[in-house]
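**Q** Hey, dropping final.cif in here, mmCIF, C-alpha atoms and all ligand atoms:
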```cif
data_start
#
loop_
_atom_site.label_atom_id
_atom_site.label_comp_id
_atom_site.auth_asym_id
_atom_site.auth_seq_id
_atom_site.Cartn_x
_atom_site.Cartn_y
_atom_site.Cartn_z
CA MET A 955 83.75 101.25 79.09
CA GLY A 956 82.13 101.58 82.51
CA ARG A 957 82.13 99.43 85.65
CA THR A 958 82.98 95.84 84.82
CA PRO A 959 82.85 93.26 87.60
CA SER A 960 85.42 90.50 87.89
CA PHE A 961 84.32 86.87 88.19
CA GLY A 962 87.52 85.55 89.63
CA ARG A 963 88.73 84.03 86.35
CA THR A 964 91.85 85.11 84.55
CA PRO A 965 91.47 86.47 81.01
CA GLU A 966 93.32 83.34 79.85
CA GLY A 967 90.78 81.15 81.61
CA LEU A 968 87.89 83.13 80.12
CA ILE A 969 88.98 82.72 76.52
CA ARG A 970 90.36 79.18 76.82
CA GLY A 971 88.46 76.97 74.37
CA SER A 972 86.90 80.03 72.66
CA PRO A 973 87.73 81.35 69.18
CA PHE A 974 89.39 84.48 70.64
CA SER A 975 93.07 85.30 70.57
CA PRO A 976 94.91 86.06 73.84
CA ASN A 977 95.42 89.64 72.56
CA LEU A 978 91.70 90.30 72.26
CA LYS A 979 90.58 93.62 73.77
CA LEU A 980 87.28 94.02 75.55
CA SER A 981 86.34 96.90 73.23
CA ALA A 982 86.33 94.49 70.27
CA LEU A 983 83.34 92.74 71.82
CA ALA A 984 81.26 95.94 72.04
CA VAL A 985 79.10 96.57 68.97
CA ASN A 986 76.72 99.54 68.76
CA GLY A 987 76.55 99.99 72.51
CA ALA A 988 75.87 96.33 73.29
CA TRP A 989 77.99 93.30 74.03
CA ALA A 990 78.47 90.82 71.21
CA PHE A 991 79.58 87.75 73.18
CA PRO A 992 79.24 84.50 71.18
CA LYS A 993 76.36 82.37 72.43
CA ASP A 994 78.54 79.37 73.31
CA LEU A 995 80.70 81.64 75.50
CA VAL A 996 77.63 82.97 77.32
CA ASP A 997 76.46 79.37 77.76
CA ARG A 998 79.80 78.51 79.37
CA PHE A 999 79.93 81.66 81.50
CA PRO A 1000 76.39 82.83 82.32
CA GLU A 1001 77.88 85.67 84.41
CA LEU A 1002 78.68 87.47 81.13
CA ALA A 1003 74.98 88.32 80.78
CA LEU A 1004 75.25 90.29 84.05
CA ILE A 1005 77.86 92.72 82.72
CA ARG A 1006 76.41 96.13 82.03
CA PRO A 1007 76.50 97.25 78.37
CA PRO A 1008 79.35 99.62 77.47
CA ASN A 1009 78.55 103.31 77.90
CA ASN A 1010 81.72 104.97 76.58
CA SER A 1011 82.78 106.15 80.05
CA ILE A 1012 86.30 105.61 81.33
CA ASP A 1013 87.13 102.13 82.67
CA SER A 1014 87.51 101.98 86.44
CA LEU A 1015 88.16 99.43 89.13
CA VAL A 1016 85.12 98.64 91.26
CA TRP A 1017 85.33 97.36 94.84
CA ILE A 1018 82.22 95.19 94.81
CA PRO A 1019 81.64 94.99 98.61
CA SER A 1020 81.26 98.79 98.72
CA PRO A 1021 78.03 100.36 97.37
CA THR A 1022 80.00 103.32 95.97
CA GLY A 1023 82.53 101.05 94.23
CA ALA A 1024 85.38 102.70 96.15
CA TYR A 1025 87.59 100.60 98.49
CA SER A 1026 86.35 100.56 102.06
CA LEU A 1027 87.78 98.39 104.84
CA GLY A 1028 84.48 98.64 106.74
CA HIS A 1029 82.44 97.21 103.87
CA THR A 1030 85.09 94.55 103.27
CA ILE A 1031 84.87 93.43 106.90
CA CYS A 1032 81.05 93.37 106.67
CA ARG A 1033 81.30 91.15 103.58
CA ILE A 1034 83.75 88.82 105.34
CA ASP A 1035 81.40 88.65 108.32
CA TYR A 1036 78.44 87.93 106.06
CA TYR A 1037 80.03 85.13 104.11
CA HIS A 1038 81.66 83.26 106.98
CA LEU A 1039 79.79 81.18 109.49
CA PRO A 1040 80.60 81.89 113.13
CA ARG A 1041 83.52 79.94 114.52
CA HIS A 1042 84.61 79.44 118.10
CA TRP A 1043 86.91 82.48 117.85
CA HIS A 1044 84.34 84.67 116.10
CA HIS A 1045 83.72 86.99 119.05
CA LEU A 1046 87.46 87.64 119.46
CA ILE A 1047 87.40 89.41 116.10
CA TRP A 1048 84.06 91.23 116.09
CA ASN A 1049 84.71 93.15 119.25
CA PRO A 1050 83.19 96.68 119.03
CA LEU A 1051 86.12 98.18 120.95
CA SER A 1052 88.81 96.89 118.57
CA VAL A 1053 90.30 99.00 115.77
CA PRO A 1054 89.18 97.77 112.28
CA ARG A 1055 92.69 97.24 110.87
CA CYS A 1056 93.65 95.27 113.99
CA LYS A 1057 90.51 93.13 113.71
CA PHE A 1058 91.47 92.34 110.14
CA THR A 1059 95.00 91.28 111.09
CA LEU A 1060 93.71 89.11 113.93
CA TRP A 1061 91.14 87.55 111.58
CA MET A 1062 93.97 86.60 109.22
CA VAL A 1063 96.21 85.33 112.03
CA VAL A 1064 93.66 83.02 113.67
CA GLN A 1065 93.15 81.37 110.30
CA GLY A 1066 96.90 81.14 109.63
CA ARG A 1067 96.51 83.11 106.41
CA LEU A 1068 99.24 85.75 106.64
CA SER A 1069 102.24 85.38 104.34
CA THR A 1070 104.67 84.19 106.96
CA MET A 1071 107.97 82.78 105.72
CA ASP A 1072 106.71 79.18 105.83
CA ARG A 1073 103.81 80.09 103.51
CA SER A 1074 105.37 82.56 101.06
CA ARG A 1075 108.02 82.28 98.40
CA MET A 1076 110.03 84.95 100.13
CA ARG A 1077 113.47 84.07 101.49
CA SER A 1078 115.95 86.10 103.45
CA VAL A 1079 119.27 87.09 101.86
CA ASN A 1080 120.88 83.73 102.76
CA GLY A 1081 117.87 81.78 101.45
CA SER A 1082 116.50 80.85 104.87
CA ARG A 1083 112.97 81.19 106.24
CA VAL A 1084 113.94 82.22 109.76
CA CYS A 1085 111.96 84.57 111.96
CA HIS A 1086 112.74 88.27 111.50
CA PHE A 1087 112.78 88.81 115.26
CA CYS A 1088 114.96 86.08 116.79
CA GLU A 1089 116.61 84.96 113.51
CA LEU A 1090 116.87 81.46 114.98
CA VAL A 1091 113.67 79.55 114.25
CA ASN A 1092 111.66 79.19 111.02
CA GLU A 1093 108.86 81.75 110.87
CA THR A 1094 105.37 80.25 111.31
CA HIS A 1095 102.20 81.81 112.72
CA ASP A 1096 102.65 79.92 115.97
CA HIS A 1097 106.26 81.02 116.34
CA LEU A 1098 105.81 84.63 115.23
CA PHE A 1099 102.76 85.49 117.34
CA PHE A 1100 103.37 83.37 120.39
CA ALA A 1101 106.53 81.31 120.81
CA CYS A 1102 109.27 83.68 119.62
CA ASN A 1103 111.81 84.62 122.30
CA PHE A 1104 111.53 88.25 121.22
CA ILE A 1105 107.72 88.28 121.52
CA ARG A 1106 107.17 86.21 124.67
CA PRO A 1107 108.46 88.75 127.23
CA ILE A 1108 106.10 91.36 125.73
CA TRP A 1109 103.26 88.84 125.96
CA VAL A 1110 104.03 88.28 129.64
CA HIS A 1111 103.89 92.03 130.31
CA ILE A 1112 100.66 92.46 128.35
CA GLN A 1113 99.05 89.53 130.16
CA SER A 1114 100.02 91.15 133.42
CA ILE A 1115 98.30 94.44 132.48
CA THR A 1116 95.15 92.63 131.34
CA ARG A 1117 95.28 90.37 134.40
CA PHE A 1118 95.13 87.25 132.26
CA HIS A 1119 97.74 84.54 132.48
CA ALA A 1120 98.17 81.91 129.77
CA PRO A 1121 100.91 79.34 130.37
CA PRO A 1122 103.33 78.70 127.50
CA SER A 1123 101.50 76.63 124.91
CA THR A 1124 100.81 77.09 121.20
CA TRP A 1125 99.05 79.91 119.40
CA SER A 1126 96.09 77.70 118.43
CA ASP A 1127 95.71 76.44 122.02
CA PHE A 1128 95.83 80.03 123.22
CA VAL A 1129 93.11 81.09 120.75
CA THR A 1130 90.91 78.16 121.79
CA ARG A 1131 91.41 78.98 125.45
CA VAL A 1132 90.67 82.71 125.25
CA SER A 1133 87.73 82.06 122.92
CA GLN A 1134 86.14 80.11 125.76
CA GLN A 1135 87.25 82.28 128.66
CA TRP A 1136 86.52 85.67 127.04
CA ALA A 1137 83.13 84.70 125.64
CA ARG A 1138 81.08 86.85 128.02
CA ARG A 1139 80.32 90.30 126.62
CA ASP A 1140 81.53 92.75 129.21
CA LEU A 1141 84.02 95.59 129.45
CA ARG A 1142 86.78 93.42 130.91
CA ASN A 1143 86.73 90.96 127.98
CA SER A 1144 86.25 93.73 125.40
CA VAL A 1145 89.45 95.37 126.63
CA ARG A 1146 91.28 92.04 126.52
CA LYS A 1147 90.18 91.51 122.90
CA LEU A 1148 91.19 95.09 122.07
CA VAL A 1149 94.66 94.42 123.51
CA LEU A 1150 94.99 91.07 121.70
CA SER A 1151 94.05 92.46 118.28
CA THR A 1152 96.23 95.55 118.76
CA PHE A 1153 99.29 93.54 119.81
CA VAL A 1154 98.90 91.05 116.95
CA ASN A 1155 98.63 93.94 114.49
CA LYS A 1156 101.73 95.64 115.92
CA ILE A 1157 103.71 92.37 115.73
CA TRP A 1158 102.80 91.99 112.06
CA MET A 1159 103.63 95.63 111.27
CA GLU A 1160 106.98 95.35 113.04
CA ARG A 1161 107.70 92.06 111.26
CA ASN A 1162 106.98 93.70 107.87
CA SER A 1163 109.10 96.69 108.77
CA ARG A 1164 112.02 94.35 109.50
CA ALA A 1165 111.39 92.21 106.42
CA PHE A 1166 110.99 95.00 103.86
CA THR A 1167 112.80 98.10 105.19
CA ASN A 1168 115.21 96.58 107.73
CA GLN A 1169 113.89 99.07 110.30
CA LYS A 1170 113.93 97.46 113.76
CA ASN A 1171 112.17 98.63 116.89
CA SER A 1172 112.96 97.31 120.35
CA GLN A 1173 110.63 95.23 122.51
CA MET A 1174 110.00 98.33 124.62
CA ILE A 1175 108.85 100.36 121.61
CA LEU A 1176 106.63 97.52 120.37
CA LEU A 1177 105.04 97.33 123.81
CA ARG A 1178 104.60 101.11 123.95
CA GLN A 1179 103.04 101.22 120.46
CA THR A 1180 100.51 98.62 121.63
CA THR A 1181 99.67 100.26 124.94
CA ASP A 1182 99.48 103.75 123.38
CA LEU A 1183 96.88 102.60 120.86
CA VAL A 1184 94.89 100.79 123.56
CA ARG A 1185 94.99 103.89 125.81
CA GLN A 1186 93.96 106.11 122.91
CA LYS A 1187 90.98 103.83 122.20
CA LEU A 1188 89.95 103.69 125.87
CA LEU A 1189 90.21 107.48 126.21
CA SER A 1190 87.72 107.86 123.36
CA GLN A 1191 85.14 105.67 125.13
CA ASN A 1192 82.34 106.98 127.28
CA LEU A 1193 83.13 104.63 130.18
CA LYS A 1194 80.69 104.45 133.07
CA ASP A 1195 82.19 104.80 136.55
CA SER A 1196 82.38 101.46 138.36
CA PRO A 1197 84.91 99.60 140.51
CA PHE A 1198 86.16 97.79 137.41
CA ALA A 1199 86.37 101.01 135.35
CA ARG A 1200 88.47 102.59 138.11
CA ARG A 1201 90.82 99.61 138.12
CA LEU A 1202 90.99 99.85 134.35
CA ALA A 1203 91.90 103.54 134.65
CA LEU A 1204 94.65 102.61 137.10
CA ASP A 1205 96.04 99.79 134.93
CA TRP A 1206 96.06 101.90 131.75
CA GLU A 1207 96.99 105.24 133.36
CA LEU A 1208 93.73 106.91 132.36
CA PRO A 1209 92.45 109.97 134.27
CA VAL A 1210 89.53 109.00 136.50
CA SER A 1211 87.84 112.23 135.34
CA ILE A 1212 86.94 110.56 132.02
CA LEU A 1213 84.61 108.12 133.81
CA ARG A 1214 80.95 109.00 133.42
CA PRO A 1215 79.05 109.12 136.76
CA PRO A 1216 76.35 106.47 137.11
CA ALA A 1217 72.86 107.67 136.25
CA GLU A 1218 70.82 109.15 139.14
CA PRO A 1219 67.95 106.88 140.21
CA PRO A 1220 64.54 108.35 139.21
CA ASP A 1221 62.68 110.27 141.98
ZN ZN B 1301 111.48 84.34 116.44
#
```
Can I see the file as structure tokens?
**A**
Amino acid sequence: MGRTPSFGRTPEGLIRGSPFSPNLKLSALAVNGAWAFPKDLVDRFPELALIRPPNNSIDSLVWIPSPTGAYSLGHTICRIDYYHLPRHWHHLIWNPLSVPRCKFTLWMVVQGRLSTMDRSRMRSVNGSRVCHFCELVNETHDHLFFACNFIRPIWVHIQSITRFHAPPSTWSDFVTRVSQQWARRDLRNSVRKLVLSTFVNKIWMERNSRAFTNQKNSQMILLRQTTDLVRQKLLSQNLKDSPFARRLALDWELPVSILRPPAEPPD
């Protein structure tokens, strides 16, 4: 029947108040290659007039943000960026150095929109909502990404590598603070944002691994997964040689040979 966009309404919502039965199939509304929607339905839902006429091709799902109709994280992120006004933490997310999937996780975390135990219907075996790391405190965004006793020592180590020290506080205070202090666009802050997004993504992946497969990695492995991805990303950059780049190479165990010599001044 071709590419049919969704308008965010359930089929039940679409036919509520109309003469159609809940078992109605879309094909029943196609007559001689054209839609035969009743006028009162089109009056209620003007979007129906935008649906392309049926063309006898096979039905398929269409990812509207992508021009090809196929799912693409890049186009999804562009759409999110387009539809949301900048916020104080905006630049933490849209850092060119950060990995797209890590940006997406951080974007969800700063808005408190991940399905942590306090927000989802999920319960552990004994019916509790406790954190999958410490198994002591109820799982919230603030606890999981900042306050948890399992996570905090890794945070301290990561802050040491990035030479940024945030005293114990709350996740939202931390986000507000780094949004202000990392606002300048330079390599130092780009690396810090890369580390932040990578670590947050690894925490969430480890949490899901524990929640759904009962596979548990140690703090050391979680730290190594984070630093390995950051190193990998830095190695792929064409970094210009500078005192800061050399310190960065030292901190992240990168060979100095990857640093690009500064351009020769013109004769
Ligand atoms: Zn915990």
**Q** At a cut-off of 7 Å around ligand ZN 1301 (chain B), and using all atoms listed in the file, what residues come up? Please write them as a PyMOL selection string.
**A** chain A and resi 1085-1091+1093+1097-1098+1102-1104
**Q** Would you mind reading off the distance between CA of Phe1128 in chain A and CA of Leu1046 in chain A, one decimal, in Å?
**A** 11.9 Å
**Q** Using all atoms listed in the file, pick whichever of A:Phe1166, A:Phe991, A:Trp1043, A:Trp1061 has the shortest atom-to-atom distance to Ile1005 in chain A.
**A**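 Answer, going by the shortest atom-to-atom distance: A:Phe991.
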**Q** For Pro1054 in chain A, find every residue with an atom within 10 Å (counting only C-alpha atoms), except residues of its own chain fewer than 6 positions away, and show them as a list in words.
**A** Leu1027, Gly1028, Ile1031, Ile1047, Trp1048, Leu1060, Ser1151 and Thr1152 of chain A
**Q** With C-alpha atoms retained, write the just-selected residues as a compact mmCIF listing (two decimals), in the frame of the given file.
**A**
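Dumped everything to again_1.txt:
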```
# COMPACT_ATOMS: atom_id res chain seq x y z
CA LEU A 1027 87.78 98.39 104.84
CA GLY A 1028 84.48 98.64 106.74
CA ILE A 1031 84.87 93.43 106.90
CA ILE A 1047 87.40 89.41 116.10
CA TRP A 1048 84.06 91.23 116.09
CA LEU A 1060 93.71 89.11 113.93
CA SER A 1151 94.05 92.46 118.28
CA THR A 1152 96.23 95.55 118.76
```
**Q** Rank A:Leu980, A:Leu1141, A:Val1132, A:Leu1176 by their smallest atom-to-atom distance to Pro1197 in chain A, using all atoms listed in the file, and report the top residue only.
**A**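 Among the listed residues, A:Leu1141 lies closest to Pro1197 in chain A.
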**Q** As AutoDock Vina command-line options, what would the box around range 1186-1200 of chain A look like: edges along x, y and z, 6 Å added on every side, centre and edge lengths in Å to one decimal?
**A**
```
--center_x 87.3 --center_y 102.8 --center_z 131.4 --size_x 25.3 --size_y 22.1 --size_z 30.3
```
**Q** Counting all atoms listed in the file, which of A:Phe1153, A:Trp1017, A:Trp1125, A:Phe1099 gets nearest to Val1053 in chain A?
**A**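 Selected residue with least distance to Val1053 in chain A: A:Phe1153.
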**Q** Given the choices A:Val1084, A:Leu1213, A:Pro1107, A:Arg1131, which gets closest to Ala1165 in chain A if the distance is worked out from all atoms listed in the file?
**A**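 Checking each candidate against Ala1165 in chain A, we get A:Val1084 as the closest.
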